[in-house]
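Q: Have a look at the structure that comes next, please.
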Number of protein chains: 2
Amino acid sequence: MPEVSIKEVARLAGVSIATVSRCINSPEKVTERTRIKVEEAIVRTGYSPNTLAQSFRRGRTNLIMVVLPSVGDPFFTAVMRGIRTAARAKGYSVVIEETQLNTMTADEIGAMLVSKQTDGIILLASMSPFGTEILSAKSRRRLPIVVGCETISSELADLPSVHIDNVAAAKEATNYLISRGHERIGMIYGQATSLLTKDRELGYRAAMKQAKLPIRKGWVAEGQLTIAGARQATRELLNHSYCPTAIFCANDEMAIGCLHEVKAAGLAVPGDVSVMGFDDIRYAEVTDPPLTTIGQPAEEIGERVMYRLCRRIEEGQESNNEPEIVPHKLVVRQSVAPPRA
Amino acid sequence: MPEVSIKEVARLAGVSIATVSRCINSPEKVTERTRIKVEEAIVRTGYSPNTLAQSFRRGRTNLIMVVLPSVGDPFFTAVMRGIRTAARAKGYSVVIEETQLNTMTADEIGAMLVSKQTDGIILLASMSPFGTEILSAKSRRRLPIVVGCETISSELADLPSVHIDNVAAAKEATNYLISRGHERIGMIYGQATSLLTKDRELGYRAAMKQAKLPIRKGWVAEGQLTIAGARQATRELLNHSYCPTAIFCANDEMAIGCLHEVKAAGLAVPGDVSVMGFDDIRYAEVTDPPLTTIGQPAEEIGERVMYRLCRRIEEGQESNNEPEIVPHKLVVRQSVAPPRA
DNA sequence: TGCTGGAGTGTAAACGTTTACAATCCGTCG
DNA sequence: CGACGGATTGTAAACGTTTACACTCCAGCA
């Protein structure tokens with residue numbers, strides 16, 4: 001830990017610190033001869049620039065923050081992998097904030113940016129108390145914020161975003177169940193505050209309506225995006241006096257819980273009850289039975305979001321704030337079958 | 001984004017910048033009256049300290065880095081949750097580096113510390129090319145590095161660490177299989193470079209030896225710590241001319257793949273083949289059948305590791321470098337039964 | 001020979017904090 | 001009343017880097 005600064009290098013090379021700095025940051029501005037001298041000195045001293053000083057001077061940290069509901073969900077870890085790949089390519093490091101653990105307010109997010117701790121923010125979670133503060137800040141200057149996975153409430157609709165068409169995808173999932181002959185279809189959504197989940201519920205309702213199928217009271221239950229929550233919700237559905245023959249879960253994590261609970265109740269999947277998931281996490285193909293679900297290009301979403309954020313940071317402002325819609329696809333496995341006659 | 005600095009606050013409050021700084025960092029050194037004046041000015045201006053400048057001045061980032069093999073593994077996300085909880089309590093943010101994605105060398109790690117990008121490092125992955133460079137740096141000054149989950153190669157044994165006794169736990173797992181009557185027991189370990197996995201293999205071998213049970217050639221296969229890898233390894237085991245009646249997997253992720261592959265081969269678990277996991281990730285109780293495994297206090301490990309790192313950072317040096325051993329426990333579910341007669 | 005201009009280098013300011021030290025204030029005590 | 005001392009505040013330096021500006025040097029040209 002030589003604690004060696006640029007001065008020491010300059011002294012050793014017999015040049016000024018400005019020259020050393022130039023050698024590192026814009027070598028073309030410096031003679032071959034000096035460059036070599038300096039490089040030698042750098043090696044000799046074991047010098048490496050103090051990034052703190054650099055960050056301070058340049059006014060940027062090369063750090064971005066990702067806000068997401070739960071790092072535990074394999075879907076998000078897949079998105080994160082994409083983000084990280086892109087970040088690495090662009091020279092950024094990534095810090096993660098989990099909203100589940102500590103509800104982060106819009107204030108905190110704003111503070112994060114103002115105090116320059118991070119150069120930009122990726123929101124993978126919709127924050128419901130999102131509002132005035134950050135918005136007003138936003139109106140003053142274009143914030144380096146990009147939204148991923150979620151559609152976002154209308155007031156923030158002008159933040160750039162990357163996601164699938166959740167409504168359409170959920171509709172497609174429901175239609176698939178209908179096409180296999182189901183008429184009594186229940187749904188487990190996530191948390192009331194999650195817009196993403198809300199959109200999927202919307203798609204489900206739209207599909208049912210279009211097919212002129214009724215949704216009975218009690219057929220839609222909250223699963224809190226967790227296995228335990230989904231099991232509880234499944235129990236409620238199974239106890240329903242007019243029990244659904246198919247259950248559409250707003251994500252695979254919950255579908256896994258649902259699957260387990262249905263079987264625990266002594267029912268067969270898909271013989272007695274069909275189960276449909278959403279996300280196509282990596283466990284979806286090893287459940288028993290393997291899960292029919294909607295696939296999202298998670299890693300691609302991550303990469304795109306990150307690149308979008310980079311553009312935003314670099315350009316300072318971006319004319320195009322259109323949401324970027326990526327394709328989803330139906331993944332048919334074995335957890336859905338026609339209902340028992 | 002008012003770009004307001006401490007100067008502006010000082011001007012508005014009619015005091016010097018030093019006083020403003022003191023109000024924020026050590027309010028007890030300042031009169032009630034001045035403090036109030038300054039606080040008003042802070043509110044009025046919407047000032048928040050530039051953390052970049054603070055980091056620079058104080059020589060610390062309040063950022064720590066976690067190096068782990070895979071963020072996707074639920075076990076590590078559980079550890080991460082513990083780390084993050086503790087980090088938040090101590091005012092640190094966390095950045096994650098995944099070794100799988102990009103093999104990080106000891107050099108890079110050293111550079112990270114020297115260039116002050118992070119205040120400390122938590123290693124949840126053993127790095128095999130770990131060695132001289134970082135070691136020599138270490139000998140010069142006590143590095144703020146703490147190791148979690150892994151036992152570490154002997155040359156680095158003096159780095160503080162927090163983990164279960166992997167050898168003993170694996171031995172216990174194997175003994176459990178033996179106690180249920182199994183004699184033909186195979187194992188799927190992770191990656192050859194992973195010491196953690198190595199230790200578990202050691203435990204398995206020790207238990208077999210102690211019970212005077214032979215380990216046939218081909219009963220121990222590499223699963224690469226992934227579902228796909230484990231499925232491949234399982235196939236090899238099942239094709240063995242003298243096929244094991246029980247398979248011990250070095251972690252649950254692989255056990256899930258193993259479980260699936262055994263069933264895909266038309267065999268019953270635990271009827272035909274028993275499967276044993278390690279870690280007790282949250283999916284372990286919803287597999288079919290639910291997985292018998294070894295539980296680790298993942299979140300607790302995370303917290304302890306983080307607190308240990310904090311002490312190391314704050315004190316600069318720590319006399320006690322003993323590994324901290326946390327307890328594991330056998331979790332009996334339904335994937336293990338006596339072998340068919 | 002003297003000028004011009006461009007390339008290379010050095011000087012010094014600046015970034016926003018923290019903090020050692022000096023200065024001031026004011027109450028208390030001799 | 002004056003001196004002392006503790007509490008509060010101000011002054012200014014320092015942290016390590018980048019960079020605008022000024023300077024030097026030298027080649028090329030008139």
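We label chains A, B, ... in the order they appear in the structure tokens, count residues from 1 in each chain, and number ligands from 1 in the order shown.
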Determine, counting only C-alpha atoms (C1' of nucleotides), which protein, DNA and RNA residues have an atom within 12 Å of an atom of B:Arg308; residues of the same chain fewer than 4 positions away are not included. Present the result as number ranges by chain.
A: B: 83, 86-87, 90, 120-122, 144-148, 159-162, 301-304, 312-318, 320-324
Q: Write a file of the selected residues as a tab-separated table (two decimals), in the first residue's frame, keeping N, CA, C and O atoms.
A:
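File written: again27.tsv
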chain	number	residue	atom	x	y	z
B	83	ILE	N	-25.72	-9.59	4.54
B	83	ILE	CA	-24.67	-8.60	4.36
B	83	ILE	C	-25.28	-7.22	4.19
B	83	ILE	O	-24.84	-6.25	4.80
B	86	ALA	N	-26.69	-5.69	7.43
B	86	ALA	CA	-25.63	-5.18	8.29
B	86	ALA	C	-24.98	-3.94	7.67
B	86	ALA	O	-24.69	-2.97	8.37
B	87	ALA	N	-24.79	-3.98	6.37
B	87	ALA	CA	-24.15	-2.87	5.69
B	87	ALA	C	-24.97	-1.60	5.88
B	87	ALA	O	-24.44	-0.53	6.19
B	90	LYS	N	-24.59	-0.09	9.12
B	90	LYS	CA	-23.30	0.55	9.34
B	90	LYS	C	-23.03	1.67	8.34
B	90	LYS	O	-21.94	2.24	8.32
B	120	GLY	N	-13.41	-2.14	1.66
B	120	GLY	CA	-13.14	-3.49	2.10
B	120	GLY	C	-13.76	-4.50	1.16
B	120	GLY	O	-14.54	-4.15	0.28
B	121	ILE	N	-13.38	-5.75	1.35
B	121	ILE	CA	-13.85	-6.78	0.44
B	121	ILE	C	-14.30	-8.01	1.21
B	121	ILE	O	-13.66	-8.42	2.17
B	122	ILE	N	-15.42	-8.54	0.76
B	122	ILE	CA	-15.88	-9.82	1.32
B	122	ILE	C	-15.75	-10.87	0.23
B	122	ILE	O	-16.29	-10.71	-0.86
B	144	PRO	N	-8.33	-5.05	4.60
B	144	PRO	CA	-9.71	-5.24	5.05
B	144	PRO	C	-10.43	-6.25	4.17
B	144	PRO	O	-11.24	-5.90	3.32
B	145	ILE	N	-10.09	-7.51	4.37
B	145	ILE	CA	-10.74	-8.58	3.61
B	145	ILE	C	-11.25	-9.63	4.59
B	145	ILE	O	-10.55	-10.01	5.52
B	146	VAL	N	-12.47	-10.05	4.38
B	146	VAL	CA	-13.02	-11.11	5.20
B	146	VAL	C	-13.60	-12.18	4.28
B	146	VAL	O	-14.15	-11.87	3.23
B	147	VAL	N	-13.43	-13.41	4.67
B	147	VAL	CA	-13.88	-14.52	3.85
B	147	VAL	C	-15.16	-15.12	4.44
B	147	VAL	O	-15.26	-15.26	5.65
B	148	GLY	N	-16.11	-15.41	3.58
B	148	GLY	CA	-17.34	-16.01	4.07
B	148	GLY	C	-17.65	-17.32	3.38
B	148	GLY	O	-17.29	-17.52	2.23
B	159	LEU	N	-6.60	-14.98	7.05
B	159	LEU	CA	-7.67	-14.00	6.82
B	159	LEU	C	-8.85	-14.41	7.69
B	159	LEU	O	-9.19	-15.57	7.76
B	160	PRO	N	-9.49	-13.43	8.31
B	160	PRO	CA	-10.65	-13.78	9.13
B	160	PRO	C	-11.76	-14.35	8.26
B	160	PRO	O	-11.91	-13.96	7.10
B	161	SER	N	-12.52	-15.26	8.80
B	161	SER	CA	-13.58	-15.88	8.00
B	161	SER	C	-14.76	-16.30	8.87
B	161	SER	O	-14.63	-16.46	10.07
B	162	VAL	N	-15.88	-16.47	8.24
B	162	VAL	CA	-17.09	-16.92	8.91
B	162	VAL	C	-17.73	-18.01	8.06
B	162	VAL	O	-18.04	-17.78	6.89
B	301	ILE	N	-24.70	-15.67	8.55
B	301	ILE	CA	-23.33	-15.64	8.06
B	301	ILE	C	-23.04	-14.29	7.41
B	301	ILE	O	-22.02	-13.66	7.68
B	302	GLY	N	-23.99	-13.86	6.57
B	302	GLY	CA	-23.82	-12.57	5.90
B	302	GLY	C	-23.62	-11.43	6.89
B	302	GLY	O	-22.69	-10.63	6.77
B	303	GLU	N	-24.48	-11.39	7.88
B	303	GLU	CA	-24.37	-10.31	8.85
B	303	GLU	C	-23.05	-10.35	9.59
B	303	GLU	O	-22.37	-9.34	9.75
B	304	ARG	N	-22.70	-11.53	10.02
B	304	ARG	CA	-21.45	-11.65	10.79
B	304	ARG	C	-20.25	-11.25	9.97
B	304	ARG	O	-19.33	-10.58	10.46
B	312	ARG	N	-12.76	-4.69	11.17
B	312	ARG	CA	-11.45	-4.69	10.52
B	312	ARG	C	-11.14	-3.32	9.91
B	312	ARG	O	-10.03	-2.82	10.01
B	313	ILE	N	-12.13	-2.76	9.28
B	313	ILE	CA	-11.92	-1.45	8.64
B	313	ILE	C	-11.69	-0.38	9.70
B	313	ILE	O	-10.77	0.43	9.59
B	314	GLU	N	-12.52	-0.43	10.72
B	314	GLU	CA	-12.45	0.63	11.71
B	314	GLU	C	-11.19	0.55	12.57
B	314	GLU	O	-10.52	1.54	12.79
B	315	GLU	N	-10.91	-0.66	13.01
B	315	GLU	CA	-9.78	-0.79	13.91
B	315	GLU	C	-8.45	-0.76	13.17
B	315	GLU	O	-7.42	-0.56	13.77
B	316	GLY	N	-8.53	-1.00	11.89
B	316	GLY	CA	-7.30	-1.00	11.13
B	316	GLY	C	-6.59	-2.33	11.25
B	316	GLY	O	-6.13	-2.90	10.29
B	317	GLN	N	-6.56	-2.84	12.44
B	317	GLN	CA	-5.97	-4.16	12.57
B	317	GLN	C	-6.75	-4.92	13.63
B	317	GLN	O	-7.43	-4.36	14.46
B	318	GLU	N	-6.71	-6.19	13.53
B	318	GLU	CA	-7.49	-6.99	14.46
B	318	GLU	C	-6.61	-8.14	14.92
B	318	GLU	O	-6.02	-8.84	14.11
B	320	ASN	N	-7.49	-10.84	16.43
B	320	ASN	CA	-8.10	-12.15	16.33
B	320	ASN	C	-8.50	-12.52	14.90
B	320	ASN	O	-9.45	-11.98	14.36
B	321	ASN	N	-7.79	-13.42	14.31
B	321	ASN	CA	-8.12	-13.85	12.96
B	321	ASN	C	-8.70	-15.26	12.89
B	321	ASN	O	-8.73	-15.89	11.85
B	322	GLU	N	-9.13	-15.74	14.02
B	322	GLU	CA	-9.72	-17.07	14.07
B	322	GLU	C	-10.91	-17.17	13.14
B	322	GLU	O	-11.71	-16.26	13.07
B	323	PRO	N	-11.07	-18.28	12.47
B	323	PRO	CA	-12.31	-18.47	11.72
B	323	PRO	C	-13.47	-18.57	12.69
B	323	PRO	O	-13.33	-19.08	13.81
B	324	GLU	N	-14.60	-18.00	12.29
B	324	GLU	CA	-15.78	-18.03	13.13
B	324	GLU	C	-16.68	-19.13	12.57
B	324	GLU	O	-17.16	-19.04	11.45
Q: So which bits of stretch 64-102 of chain B end up helix (DSSP H, G or I) when you DSSP the backbone, as a PyMOL selection string?
A: chain B and resi 74-90
Q: Can you spit out the residues from that selection as a PDB file, in the first residue's frame, using C-alpha atoms?
A:
ATOM      1  CA  PRO B  74     -30.490 -18.527  -3.739  1.00  0.00           C
ATOM      2  CA  PHE B  75     -28.062 -19.465  -1.042  1.00  0.00           C
ATOM      3  CA  PHE B  76     -25.852 -16.540  -1.899  1.00  0.00           C
ATOM      4  CA  THR B  77     -28.771 -14.194  -2.219  1.00  0.00           C
ATOM      5  CA  ALA B  78     -29.665 -15.175   1.319  1.00  0.00           C
ATOM      6  CA  VAL B  79     -26.133 -14.434   2.474  1.00  0.00           C
ATOM      7  CA  MET B  80     -26.266 -11.191   0.551  1.00  0.00           C
ATOM      8  CA  ARG B  81     -29.424 -10.202   2.339  1.00  0.00           C
ATOM      9  CA  GLY B  82     -27.622 -10.570   5.636  1.00  0.00           C
ATOM     10  CA  ILE B  83     -24.669  -8.601   4.355  1.00  0.00           C
ATOM     11  CA  ARG B  84     -26.910  -5.874   3.079  1.00  0.00           C
ATOM     12  CA  THR B  85     -28.817  -5.610   6.328  1.00  0.00           C
ATOM     13  CA  ALA B  86     -25.626  -5.178   8.292  1.00  0.00           C
ATOM     14  CA  ALA B  87     -24.146  -2.865   5.692  1.00  0.00           C
ATOM     15  CA  ARG B  88     -27.134  -0.596   5.829  1.00  0.00           C
ATOM     16  CA  ALA B  89     -26.937  -0.491   9.599  1.00  0.00           C
ATOM     17  CA  LYS B  90     -23.304   0.549   9.337  1.00  0.00           C
TER      18      LYS B  90
END
Q: Output as a PyMOL selection string the set of chain A residues within 10 Å of chain D, with distances taken over only C-alpha atoms (C1' of nucleotides).
A: chain A and resi 5-7+17-18+21-22+25+49-58
Q: Print the selection's residues with N, CA, C and O atoms to a file, as a PDB file, in the first residue's frame.
A:
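Written output follows (selection_28.pdb):
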ATOM      1  N   SER A   5       1.303   8.865  -4.705  1.00  0.00           N
ATOM      2  CA  SER A   5       0.432   9.731  -5.488  1.00  0.00           C
ATOM      3  C   SER A   5       1.125  10.129  -6.782  1.00  0.00           C
ATOM      4  O   SER A   5       2.270   9.787  -7.043  1.00  0.00           O
ATOM      5  N   ILE A   6       0.421  10.881  -7.532  1.00  0.00           N
ATOM      6  CA  ILE A   6       0.931  11.316  -8.827  1.00  0.00           C
ATOM      7  C   ILE A   6       2.217  12.144  -8.673  1.00  0.00           C
ATOM      8  O   ILE A   6       3.070  12.153  -9.547  1.00  0.00           O
ATOM      9  N   LYS A   7       2.340  12.791  -7.562  1.00  0.00           N
ATOM     10  CA  LYS A   7       3.518  13.630  -7.318  1.00  0.00           C
ATOM     11  C   LYS A   7       4.799  12.810  -7.346  1.00  0.00           C
ATOM     12  O   LYS A   7       5.795  13.204  -7.948  1.00  0.00           O
ATOM     13  N   ILE A  17       3.342  17.068 -12.589  1.00  0.00           N
ATOM     14  CA  ILE A  17       2.213  16.164 -12.393  1.00  0.00           C
ATOM     15  C   ILE A  17       1.227  16.255 -13.544  1.00  0.00           C
ATOM     16  O   ILE A  17       0.553  15.287 -13.878  1.00  0.00           O
ATOM     17  N   ALA A  18       1.154  17.432 -14.171  1.00  0.00           N
ATOM     18  CA  ALA A  18       0.241  17.580 -15.305  1.00  0.00           C
ATOM     19  C   ALA A  18       0.616  16.602 -16.404  1.00  0.00           C
ATOM     20  O   ALA A  18      -0.239  15.964 -17.009  1.00  0.00           O
ATOM     21  N   SER A  21      -0.453  13.106 -15.565  1.00  0.00           N
ATOM     22  CA  SER A  21      -1.884  12.981 -15.781  1.00  0.00           C
ATOM     23  C   SER A  21      -2.196  12.813 -17.264  1.00  0.00           C
ATOM     24  O   SER A  21      -2.991  11.976 -17.657  1.00  0.00           O
ATOM     25  N   ARG A  22      -1.531  13.611 -18.078  1.00  0.00           N
ATOM     26  CA  ARG A  22      -1.765  13.523 -19.519  1.00  0.00           C
ATOM     27  C   ARG A  22      -1.339  12.177 -20.081  1.00  0.00           C
ATOM     28  O   ARG A  22      -2.003  11.609 -20.950  1.00  0.00           O
ATOM     29  N   ASN A  25      -4.278   9.927 -19.252  1.00  0.00           N
ATOM     30  CA  ASN A  25      -5.600  10.177 -19.802  1.00  0.00           C
ATOM     31  C   ASN A  25      -5.633  10.539 -21.286  1.00  0.00           C
ATOM     32  O   ASN A  25      -6.634  10.325 -21.944  1.00  0.00           O
ATOM     33  N   PRO A  49      -3.952   5.479  -9.925  1.00  0.00           N
ATOM     34  CA  PRO A  49      -4.640   6.724  -9.589  1.00  0.00           C
ATOM     35  C   PRO A  49      -5.642   6.513  -8.462  1.00  0.00           C
ATOM     36  O   PRO A  49      -6.280   5.474  -8.380  1.00  0.00           O
ATOM     37  N   ASN A  50      -5.768   7.467  -7.620  1.00  0.00           N
ATOM     38  CA  ASN A  50      -6.748   7.439  -6.550  1.00  0.00           C
ATOM     39  C   ASN A  50      -8.110   7.753  -7.148  1.00  0.00           C
ATOM     40  O   ASN A  50      -8.406   8.879  -7.519  1.00  0.00           O
ATOM     41  N   THR A  51      -8.930   6.709  -7.226  1.00  0.00           N
ATOM     42  CA  THR A  51     -10.230   6.907  -7.885  1.00  0.00           C
ATOM     43  C   THR A  51     -11.132   7.872  -7.141  1.00  0.00           C
ATOM     44  O   THR A  51     -12.012   8.479  -7.734  1.00  0.00           O
ATOM     45  N   LEU A  52     -10.920   7.964  -5.845  1.00  0.00           N
ATOM     46  CA  LEU A  52     -11.730   8.916  -5.099  1.00  0.00           C
ATOM     47  C   LEU A  52     -11.479  10.328  -5.594  1.00  0.00           C
ATOM     48  O   LEU A  52     -12.404  11.099  -5.825  1.00  0.00           O
ATOM     49  N   ALA A  53     -10.208  10.633  -5.738  1.00  0.00           N
ATOM     50  CA  ALA A  53      -9.843  11.964  -6.211  1.00  0.00           C
ATOM     51  C   ALA A  53     -10.367  12.176  -7.631  1.00  0.00           C
ATOM     52  O   ALA A  53     -10.869  13.244  -7.966  1.00  0.00           O
ATOM     53  N   GLN A  54     -10.232  11.140  -8.430  1.00  0.00           N
ATOM     54  CA  GLN A  54     -10.727  11.253  -9.800  1.00  0.00           C
ATOM     55  C   GLN A  54     -12.225  11.511  -9.835  1.00  0.00           C
ATOM     56  O   GLN A  54     -12.703  12.408 -10.520  1.00  0.00           O
ATOM     57  N   SER A  55     -12.939  10.694  -9.079  1.00  0.00           N
ATOM     58  CA  SER A  55     -14.391  10.866  -9.045  1.00  0.00           C
ATOM     59  C   SER A  55     -14.736  12.288  -8.626  1.00  0.00           C
ATOM     60  O   SER A  55     -15.579  12.947  -9.228  1.00  0.00           O
ATOM     61  N   PHE A  56     -14.077  12.719  -7.595  1.00  0.00           N
ATOM     62  CA  PHE A  56     -14.341  14.045  -7.068  1.00  0.00           C
ATOM     63  C   PHE A  56     -14.112  15.094  -8.138  1.00  0.00           C
ATOM     64  O   PHE A  56     -14.959  15.933  -8.438  1.00  0.00           O
ATOM     65  N   ARG A  57     -12.943  15.018  -8.728  1.00  0.00           N
ATOM     66  CA  ARG A  57     -12.566  16.003  -9.723  1.00  0.00           C
ATOM     67  C   ARG A  57     -13.501  15.975 -10.944  1.00  0.00           C
ATOM     68  O   ARG A  57     -13.976  16.980 -11.428  1.00  0.00           O
ATOM     69  N   ARG A  58     -13.768  14.772 -11.411  1.00  0.00           N
ATOM     70  CA  ARG A  58     -14.564  14.653 -12.629  1.00  0.00           C
ATOM     71  C   ARG A  58     -16.070  14.767 -12.367  1.00  0.00           C
ATOM     72  O   ARG A  58     -16.852  14.899 -13.283  1.00  0.00           O
TER      73      ARG A  58
END
Q: Considering only strand (DSSP E or B) as DSSP defines it on the backbone, what residues of stretch 107-312 of chain A qualify? List them as a PyMOL selection string.
A: chain A and resi 120-123+145-148+161-163+185-189+220-222+246-249+274-276+279+292-295
Q: Using only N, CA, C and O atoms, please write the residues we just selected to a file, as a CSV table (one decimal), in the first residue's frame.
A:
chain,number,residue,atom,x,y,z
A,120,GLY,N,-26.4,7.4,-12.0
A,120,GLY,CA,-27.7,7.1,-12.5
A,120,GLY,C,-28.4,6.0,-11.8
A,120,GLY,O,-27.8,5.3,-11.0
A,121,ILE,N,-29.7,5.8,-12.1
A,121,ILE,CA,-30.5,4.9,-11.4
A,121,ILE,C,-31.4,4.1,-12.3
A,121,ILE,O,-31.9,4.6,-13.3
A,122,ILE,N,-31.4,2.8,-12.1
A,122,ILE,CA,-32.3,1.9,-12.8
A,122,ILE,C,-33.4,1.4,-11.9
A,122,ILE,O,-33.1,0.9,-10.8
A,123,LEU,N,-34.6,1.7,-12.2
A,123,LEU,CA,-35.7,1.3,-11.4
A,123,LEU,C,-36.4,0.0,-11.9
A,123,LEU,O,-36.9,0.0,-13.0
A,145,ILE,N,-32.5,8.5,-15.0
A,145,ILE,CA,-33.2,7.4,-14.5
A,145,ILE,C,-33.9,6.6,-15.6
A,145,ILE,O,-34.4,7.2,-16.5
A,146,VAL,N,-33.7,5.3,-15.6
A,146,VAL,CA,-34.4,4.5,-16.6
A,146,VAL,C,-35.2,3.4,-15.8
A,146,VAL,O,-34.8,2.9,-14.8
A,147,VAL,N,-36.3,3.1,-16.4
A,147,VAL,CA,-37.2,2.1,-15.7
A,147,VAL,C,-37.2,0.8,-16.5
A,147,VAL,O,-37.1,0.8,-17.7
A,148,GLY,N,-37.1,-0.3,-15.8
A,148,GLY,CA,-37.1,-1.6,-16.4
A,148,GLY,C,-38.2,-2.5,-16.0
A,148,GLY,O,-38.6,-2.4,-14.8
A,161,SER,N,-38.1,3.6,-20.6
A,161,SER,CA,-38.2,2.3,-20.0
A,161,SER,C,-38.1,1.2,-21.0
A,161,SER,O,-38.1,1.4,-22.2
A,162,VAL,N,-37.8,0.0,-20.5
A,162,VAL,CA,-37.6,-1.2,-21.3
A,162,VAL,C,-38.4,-2.3,-20.7
A,162,VAL,O,-38.1,-2.6,-19.5
A,163,HIS,N,-39.3,-2.9,-21.4
A,163,HIS,CA,-40.1,-4.0,-20.8
A,163,HIS,C,-40.9,-4.7,-21.8
A,163,HIS,O,-41.0,-4.2,-23.0
A,185,ILE,N,-61.1,-20.0,-14.4
A,185,ILE,CA,-59.7,-19.7,-14.3
A,185,ILE,C,-59.5,-18.6,-13.2
A,185,ILE,O,-60.1,-17.6,-13.2
A,186,GLY,N,-58.7,-19.0,-12.2
A,186,GLY,CA,-58.3,-18.1,-11.1
A,186,GLY,C,-57.0,-17.4,-11.4
A,186,GLY,O,-56.2,-17.8,-12.3
A,187,MET,N,-56.7,-16.4,-10.6
A,187,MET,CA,-55.4,-15.8,-10.7
A,187,MET,C,-54.8,-15.4,-9.4
A,187,MET,O,-55.5,-15.1,-8.4
A,188,ILE,N,-53.5,-15.5,-9.3
A,188,ILE,CA,-52.8,-15.1,-8.1
A,188,ILE,C,-51.9,-13.9,-8.5
A,188,ILE,O,-51.0,-14.1,-9.3
A,189,TYR,N,-52.2,-12.8,-8.1
A,189,TYR,CA,-51.3,-11.6,-8.4
A,189,TYR,C,-50.3,-11.4,-7.3
A,189,TYR,O,-50.3,-12.1,-6.3
A,220,VAL,N,-59.6,-14.3,-7.6
A,220,VAL,CA,-58.3,-13.5,-7.7
A,220,VAL,C,-57.8,-13.2,-6.3
A,220,VAL,O,-58.4,-12.6,-5.5
A,221,ALA,N,-56.6,-13.7,-6.1
A,221,ALA,CA,-56.0,-13.6,-4.7
A,221,ALA,C,-54.6,-13.0,-4.7
A,221,ALA,O,-53.9,-13.2,-5.7
A,222,GLU,N,-54.2,-12.4,-3.6
A,222,GLU,CA,-52.9,-11.8,-3.5
A,222,GLU,C,-51.9,-12.8,-3.0
A,222,GLU,O,-52.1,-13.4,-2.0
A,246,ALA,N,-58.1,-23.9,-13.4
A,246,ALA,CA,-56.8,-23.5,-13.8
A,246,ALA,C,-56.4,-22.2,-13.0
A,246,ALA,O,-57.2,-21.4,-12.7
A,247,ILE,N,-55.1,-22.1,-12.7
A,247,ILE,CA,-54.7,-20.9,-11.9
A,247,ILE,C,-53.5,-20.3,-12.7
A,247,ILE,O,-52.5,-20.9,-13.0
A,248,PHE,N,-53.7,-19.0,-12.9
A,248,PHE,CA,-52.6,-18.2,-13.6
A,248,PHE,C,-51.9,-17.4,-12.5
A,248,PHE,O,-52.5,-16.6,-11.8
A,249,CYS,N,-50.6,-17.6,-12.4
A,249,CYS,CA,-49.8,-16.9,-11.4
A,249,CYS,C,-49.0,-15.8,-12.0
A,249,CYS,O,-48.4,-16.0,-13.1
A,274,SER,N,-54.8,-27.0,-13.6
A,274,SER,CA,-53.6,-26.5,-14.4
A,274,SER,C,-53.0,-25.3,-13.7
A,274,SER,O,-53.8,-24.5,-13.1
A,275,VAL,N,-51.7,-25.2,-13.9
A,275,VAL,CA,-51.0,-24.0,-13.3
A,275,VAL,C,-50.2,-23.3,-14.4
A,275,VAL,O,-49.5,-24.0,-15.1
A,276,MET,N,-50.3,-22.0,-14.4
A,276,MET,CA,-49.5,-21.3,-15.4
A,276,MET,C,-48.7,-20.2,-14.7
A,276,MET,O,-49.2,-19.6,-13.8
A,279,ASP,N,-42.6,-15.5,-16.4
A,279,ASP,CA,-41.2,-15.1,-16.3
A,279,ASP,C,-40.2,-16.2,-17.0
A,279,ASP,O,-39.2,-15.8,-17.5
A,292,THR,N,-45.6,-24.5,-17.5
A,292,THR,CA,-45.9,-23.7,-18.7
A,292,THR,C,-46.0,-22.2,-18.3
A,292,THR,O,-46.6,-21.9,-17.2
A,293,THR,N,-45.4,-21.4,-19.0
A,293,THR,CA,-45.2,-20.0,-18.6
A,293,THR,C,-45.0,-19.0,-19.7
A,293,THR,O,-45.0,-19.4,-20.9
A,294,ILE,N,-44.8,-17.8,-19.4
A,294,ILE,CA,-44.5,-16.8,-20.4
A,294,ILE,C,-43.0,-16.4,-20.2
A,294,ILE,O,-42.5,-16.1,-19.1
A,295,GLY,N,-42.2,-16.5,-21.3
A,295,GLY,CA,-40.8,-16.2,-21.2
A,295,GLY,C,-40.5,-14.8,-21.5
A,295,GLY,O,-41.1,-14.2,-22.4
Q: Taking only C-alpha atoms (C1' of nucleotides) into account, which residues of chain C are within 7 Å of chain A, as an MDAnalysis selection string?
A: chainID C and resid 8 10 15
Q: Do a neighbour search on B:Val95 at 6 Å with only C-alpha atoms (C1' of nucleotides), toss out local chain neighbours closer than 2 positions, and write the hits as a PyMOL selection string.
A: (chain A and resi 94-95) or (chain B and resi 65)
Q: So the first atom is atom CA of B:Ser93 and the second is atom CA of A:Ile24; what is the distance between them in Å, to one decimal place?
A: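 Taking atom CA of B:Ser93 and atom CA of A:Ile24, their separation equals 29.1 Å.
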Q: Atom CA of A:Ala125 and atom CA of A:Pro69 are how many Å apart?
A: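 Value for the atom CA of A:Ala125-atom CA of A:Pro69 distance: 5.6 Å.
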Q: Would you mind reading off the distance between atom CA of B:Val273 and atom CA of A:Gly266, one decimal, in Å?
A: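 Calculated distance between atom CA of B:Val273 and atom CA of A:Gly266 is 23.1 Å.
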